[in-house]
Structure formats: C-alpha cells, structure tokens
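I have placed the structure first, in the form of structure tokens, so that the comments after it can refer back to it.
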Amino acid sequence: MLAERHSVCALDCPDACSLLVTIEDGRATRLRGNPDHPITRGFLCAKVARYLERQYHPDRLLYPMRRIGAKGEGRLERISWDAALDEIAAKLQAISDEFGPEAILPYSYSGNLGFLNGGGMDRRFFHRLGASRLDRTICSAAGAAGLMYSLGARYGTEPEQFAQSKLILAWGANIMGTNVHLWPFIAEARRHGARMYTIDPVKNRTGKLADRHYFIHPGSDLALALGLMHVIVKERLHDEEFVSRKATHFSKLRDFVEKYPTERVAALTGIGAEEIAGLAREYATTVPAVIRVNYGVSRNDRGGAAVAAIAMLPALIGSWGQVGGGLQLSTSQAFQVDRAGLEKVELQEKSPLGRQARLLNMSELGKVLTQVDDPPVQAFFVYNSNPATVAADQNRVRQGLGRPDLFTVVSEQFQTDTADWADIVLPATTFLENTDLYFAYGHYYIQMARPALEAPGECKSNVEMFRLLARRMGFGEPCFEESEDEMIAGLLGSGHEFLKGIDLERLDREHSIRLNVSEAGKPFLPFADGGCNLDPAVLDYSPPAESRQGSEDLRSLYPLEMISGKNDDSMNSTFGNREELDRDTAVVYLNTADAAARGIVNGDQVRVFNGRGSLTLRAEVDGVTGPGVVSARSTRWSKRAPDRRNVNVLTSERLTDLAGGATFYSCLVQVERCGD
C-alpha cells in the first residue's frame with residue numbers, strides 16, 4: 001500500500017521545511033521537500049535529505065536503559081518504562097525533599113523546534129516540580145536582545161523579498177550551509193543584476209560564491225557597523241525623511257559615530273579604510289539593499305551590541321520602507337501564539353517553593369554543575385540537547401557530569417556523548433512520529449504535522465514522557481492530561497491579529513499557512529511603536545577579551561583567534577553518528593602565513609590548545625581564513641575522536657554583553673605540529 005504524508009522538519013534551522021513522506025507498507029521509502037511550499041520549493045538540504053537513514057538506523061535507541069558502568073563509559077542495560085519512571089520519580093522526590101526542588105535542573109534547547117515537544121509539557125512539569133529554571137542563552141539570546149534593543153521586535157525581511165534586492169550583505173551568515181532555502185531568492189536577485197557580498201572571518205561555502213568577500217577580525221562586527229554609520233552620516237547618505245519618521249535618537253548616534261572614522265575601524269576590523277568607505281557608500285545608495293545577519297555575529301563579548309548596531313543600518317538608509325530592503329536575523333516573534341498558556345508558569349506557585357525558582361544560565365553549564373550551591377544541582381534532566389558535546393569549556397562540563405552524587409536523565413534518539421554520562425536513558429521519538437505545531441525563524445509560515453510514522457520500539461514523545469512523569473509525581477492538575485490537539489488549540493487561541501483565521505482544522509487541511517504579518521510583497525516594518533531606536537548607549541566598542549586586541553599576556557601564549565562555526569553537513573551535533581562527518585570536524589584551517597611560521601603543511605596532525613584544554617586535528621592550509629585566524633568546525637561527538645575531545649575543550653564560559661549568551665567565537669589558541 002502506497003501513501004504520501006505531510007511532515008515538518010523540526011531541526012534547528014531557519015527554513016522549517018515542509019516535507020512529503022512516501023510510505024510503502026508502513027515504512028517510509030522517500031523523503032522530499034514539498035514543491036507547493038513557498039519556501040521549501042521542492043528540495044531539502046543534504047542533511048535532511050538523508051534523514052530516513054537516521055529514522056531507521058540500527059543504533060537508534062528503542063528502550064529505556066540504566067547505567068551499569070562508570071559514568072562516561074556508556075555501558076547500559078535495558079529496563080522497562082515502569083522501572084525507569086519509578087526510579088526517576090523517586091530520585092526527584094528524594095532530592096526535592098532533602099535539598100529543595102531547585103536542586104533539580106532541566107536542560108534543553110532546539111533539538112526539536114515543535115511548540116509542544118520543544119517547550120510544552122516539559123515546562124509545565126518542571127514549573128510544578130519547582131525545579132531551577134534554565135536560562136536558554138547558548139545560541140540566540142544575545143542576537144535577540146540586540147534586535148529588541150534597536151527594533152523592539154524580532155521580525156525581519158521575509159525571504160521572498162530577497163529576490164527583489166539589488167545588494168545583499170551576508171554578514172556572518174553562511175547561507176549555503178545553514179539557510180539554504182534563502183539561496184534561490186538570492187540567486188534570482190543576482191540573475192537580475194544584484195550583487196552579493198559576504199562579511200566573515202572565514203570564507204565559507206557562501207563566501208566562495210560571493211561577488212566580494214570581506215575578511216573581518218573575529219568579534220569586530222560592532223566596530224565595522226559603527227564605521228559604516230560614520231561614513232553614511234558624515235557624507236549625508238542617510239535617509240533624513242525616513243529617519244525623522246521612523247527612528248529616534250538620531251542626533252545621539254550622529255555624534256557618537258564621529259569616534260569611528262574609517263582609519264580607526266580599519267585597524268580594529270582588518271578591512272581597509274577605503275573598502276569600508278566604499279561599502280558604506282554602495283550600501284547607502286543601492287536601492288533596495290538588504291542584510292542577512294546570523295547569530296555567529298553575536299557569539300563574542302560585544303555580540304549583542306553588534307547585532308543592535310547592524311539592525312540600525314536599514315533604518316539609517318531607509319531600506320525598511322522598500323520591498324527587498326531591510327534585514328533578517330529572525331522572524332520568530334511573529335508567531336504570536338499563547339506561550340504562557342502552553343507553559344503554565346503559574347504552576348510554580350503550586351510547587352514546594354510556592355514561588356518562581358532561581359534562573360541558571362546554560363552557557364555556564366560547567367560552573368553550574370561544579371560550583372553552584374545553595375542548593376547544588378543534584379539532578380540533571382537533559383532532552384533536545386547534547387551538552388557534553390555542544391557546551392563550552394568541555395572539560396569542566398565533564399567534571400560536573402562525572403560527579404557521583406549527580407543523578408542524570410537523558411531522553412535521546414541515539415547514545416550521544418551526554419547519554420554516556422546518564423544514569424537513566426529514555427528513547428525519544430523523531431519529528432516524523434509526532435503531532436506538533438511549528439514556527440520558523442526564517443519565514444512567516446506556521447505549520448502543523450501529524451505523525452507520518454509509528455514510533456518504533458518503546459520510543460515516546462516529550463509530551464508523553466513528561467505526561468507520564470507528572471502522573472508518577474502525583475501532579476493532578478488537568479493541564480497534564482491535555483491532548484496534543486488541545487494544546488495546539490490553546491496555542492492558536494492567543495487572539496493576536498497575526499493568527500486571525502488560523503485554527504487547528506484549517507492547519508489539518510492546509511498544513512502550512514502564512515501569518516497575517518503584512519500584505520504579501522509589501523514592506524513589513526518590524527519596529528515597535530516608537531520606531532527604530534538609534535540610541536548608541538550600548539554601542540561603544542571594546543575588543544573581545546580573547547582577541548588580537550585583547551590581553552597582551554594571553555595573546556603572547558595563544559596568538560591565534562579560533563572560529564568554531566557550524567559544520568555545513570551536520571546540525572550542531574544531531575548527525576554526529578555519521579562516519580563521514582568526522583572528516584569535516586577533524587580539521588583545522590590555517591592561513592598560509594600562520595602555517596608557514598609553524599612549519600605546518602596540508603595533512604599534518606596538529607595540536608590546538610589553550611589554557612582550558614587541547615585536541616588533535618588535521619591541518620588544512622587553503623585560504624579559508626585570514627592571517628591570525630584558524631577555523632575548526634563544530635561539533636563532533638567527542639567519543640568519535642581519537643582523543644575523545646572536540647573544539648569545545650577550547651571555548652570558554654565567558655558571557656556576551658547582552659542577555660548572557662555564549663562567546664564561542666571569541667577564543668584564543670595556539671597551534672603546533674604534533675611531534676615538535
């Protein structure tokens with residue numbers, strides 16, 4: 001029997017693709033992009049095109065497991081769901097009784113972008129339990145704070161309008177690797193004469209296709225944005241009429257950017273003064289011009305301010321008012337569902353605390369697990385994430401995970417690095433097996449999916465897992481018995497104008513519906529009521545602590561700046577079990593001059609190290625990076641590396657200026673040839 005079913009890719013990507021799944025005799029035989037979806041347009045990225053390999057992989061976890069070896073060894077034995085739930089409930093209750101419920105910490109991120117399985121029943125469970133709250137900062141927090149500072153909202157130019165742009169700046173955005181469904185619109189614009197430039201410390205796949213690439217020093221994006229503003233304002237290239245109507249504090253910004261002439265900015269960024277001036281003039285006089293900025297720009301000490309400054313540029317030149325102008329970082333806030341009703345924050349008042357629990361920053365996980373007290377974290381519940389691989393300062397994270405008194409539960413599809421440290425491992429469903437509602441952070445289509453496949457073995461969705469745990473803990477509130485359909489109906493009942501006319505029945509019929517954000521093809525102004533905030537109060541530039549302009553003592557030991565960007569063919573650590581990905585994530589790219597100074601040639605095994613740790617990688621010398629910069633792709637499963645480490649043994653837990661985000665891309669290292 002042959003059938004075709006709709007689904008939605010739930011992985012951490014702005015594209016949120018609409019999928020068609022071919023089913024033959026109950027088994028999926030083909031996965032393809034929906035040709036009728038305005039963004040997916042019939043194709044998938046190379047990662048997800050092979051997702052059925054993951055779906056049916058022989059290593060997939062199918063049953064609950066209990067640790068039988070030492071922590072970190074990954075030796076597990078099969079147990080029943082009843083035994084697993086009983087043990088988890090008993091441990092959580094005992095820890096709550098002895099230390100207080102704040103000794104329990106959930107840890108999750110964007111392993112699943114469904115509203116229900118990404119942040120629904122789990123939030124209700126941990127609120128009712130009184131567990132510590134997790135400040136989910138590891139990826140987008142600083143960038144989101146920067147957008148909110150300048151625009152007052154997390155909206156942006158819809159991808160379809162990029163086709164009408166005449167100048168496209170990909171600023172810290174590897175579109176071909178991490179946002180491939182934007183590329184056809186850019187390609188269309190270029191066929192009609194548009195130019196596309198990339199600004200990045202690394203000349204990645206997108207940079208190699210650009211009309212021009214600007215090598216920028218890591219963490220100096222704020223300085224470049226201020227230098228562009230300096231030229232635009234000084235030469236009166238700004239749109240005075242638009243600024244007067246749709247911006248505030250222009251006079252403050254005008255005075256402030258006088259401190260950032262092109263000569264100073266050239267020294268800070270590594271981009272020539274004439275290049276900066278030329279880019280500013282071209283950007284300000286090309287109509288329309290659009291910026292695609294991505295979160296890598298925000299992963300340094302001044303990352304929040306960098307995004308805030310970049311987000312001011314379209315208002316300064318008036319491109320927000322033009323079809324094909326503006327900026328896109330995220331579209332996520334347009335999905336104005338009833339998150340409060342989904343998460344039931346008020347349940348905290350019924351917890352043993354009777355109040356809101358403390359907030360612990362996930363970007364400081366090593367510190368949280370090894371230093372936090374009053375109370376110390378005694379139970380760690382991980383789902384939709386793999387912190388042993390993706391968290392900064394990996395050695396300290398492992399130290400925390402190895403504590404004999406820490407009870408760790410991991411819900412997963414495969415036995416990841418984190419699962420090796422768990423006391424209990426629970427088998428999780430894939431997105432092809434769930435009912436869920438989906439937002440996107442790269443377009444404006446809300447989508448719903450029903451299960452395309454039955455869950456194998458004893459795999460359970462996050463909704464069902466936390467529903468069962470709530471029963472075991474004796475939580476009798478009706479919200480813990482809500483069905484997925486009831487939860488979705490509640491989400492859609494926010495009453496917001498963007499969701500007008502969109503309900504469960506319509507989504508069941510149409511699968512994907514454009515939000516009512518604007519008339520299609522018209523400019524969408526993202527500002528809050530007061531317009532774009534041009535106040536430079538947070539914008540003064542200072543170099544990242546770990547940079548070529550930071551501490552001299554540190555630079556004398558570790559003179560190279562390391563960027564550990566996303567690997568094009570994995571999704572953070574989601575596909576880390578694929579053999580071929582080890583080749584991509586076992587490499588460090590060096591500039592020719594830096595390699596020659598160290599006697600390093602292509603293929604050499606090299607040691608990359610700093611004061612936090614070291615690992616061995618294979619050297620590639622091919623012009624991908626500028627002088628003084630090395631690039632090592634993230635995030636390899638450590639267990640697959642010969643020395644059982646990945647690049648996060650080198651990254652720090654230092655936080656960004658806004659919102660306490662992670663500073664992965666502000667990292668000094670030294671590289672030496674193995675055997676020297």
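Letters A, B, ... go to the chains of the structure tokens in the order shown; residues in each chain start at 1; ligands are counted from 1 in the same order.
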Quick one: residues within 9 Å of Gly270 (chain A), only C-alpha atoms counted, chain neighbours fewer than 5 positions away excluded, as a ChimeraX atom specification? /A:215-217,220,265
Using DSSP on the backbone coordinates, identify all residues within region 142-254 of chain A classified as strand (DSSP E); present the result as a PyMOL selection string. chain A and resi 167-171+195-200+212-215+247-248
If we count only C-alpha atoms, what is near region 149-166 of chain A at a cut-off of 8 Å, once residues fewer than 6 positions away on the same chain are taken out, given as a PyMOL selection string? chain A and resi 39+182+185-190+193-195+286-290+308-309+311-312+323-334+442-444+521+523-524+526-528+531-534
Set the distance at 12 Å and use only C-alpha atoms: which residues neighbour Ser547 (chain A) once local chain neighbours fewer than 3 positions away are removed? I'd like the list as number ranges by chain. A: 217-220, 268-269, 300-302, 542-544, 550-556, 558-563, 628-629, 663, 665-669
State, in Å with one decimal place, the distance from CA of Val297 (chain A) to CA of Gly172 (chain A).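 A separation of 5.6 Å between them.
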Proximity of region 434-490 of chain A to region 61-78 of chain A: per-residue shortest pair, 8 Å limit, only C-alpha atoms, as a tab-separated table:
residue	atom	partner	partner_atom	distance
A:Pro456	CA	A:Leu62	CA	6.6
A:Gly457	CA	A:Leu62	CA	4.8
A:Glu458	CA	A:Tyr63	CA	5.4
A:Cys459	CA	A:Leu62	CA	5.6
I need the helix (DSSP H, G or I) residues of region 154-264 of chain A per DSSP on the backbone, written as a PyMOL selection string. chain A and resi 159-164+175-178+180-191+207-209+221-234+240-246+250-259+262-264
If we count only C-alpha atoms, what is near Asn386 (chain A) at a cut-off of 12 Å, once residues fewer than 4 positions away on the same chain are taken out, given as a ChimeraX atom specification? /A:107-111,362,365,381-382,390-392,394,397,409-422,571-576,635-638
Counting only C-alpha atoms, the residue of A:Val180, A:Ile168, A:Val425, A:Val257 that sits nearest Leu279 (chain A):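 When distances to Leu279 (chain A) are compared using only C-alpha atoms, the smallest one comes from A:Ile168.
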Contacts of Ser7 (chain A) at 8 Å or less, counting only C-alpha atoms, minus same-chain residues fewer than 2 places along, as JSON, numbers by chain? {"A": [5, 9, 18, 19, 20, 21, 431, 432, 448, 449, 450, 451, 452]}
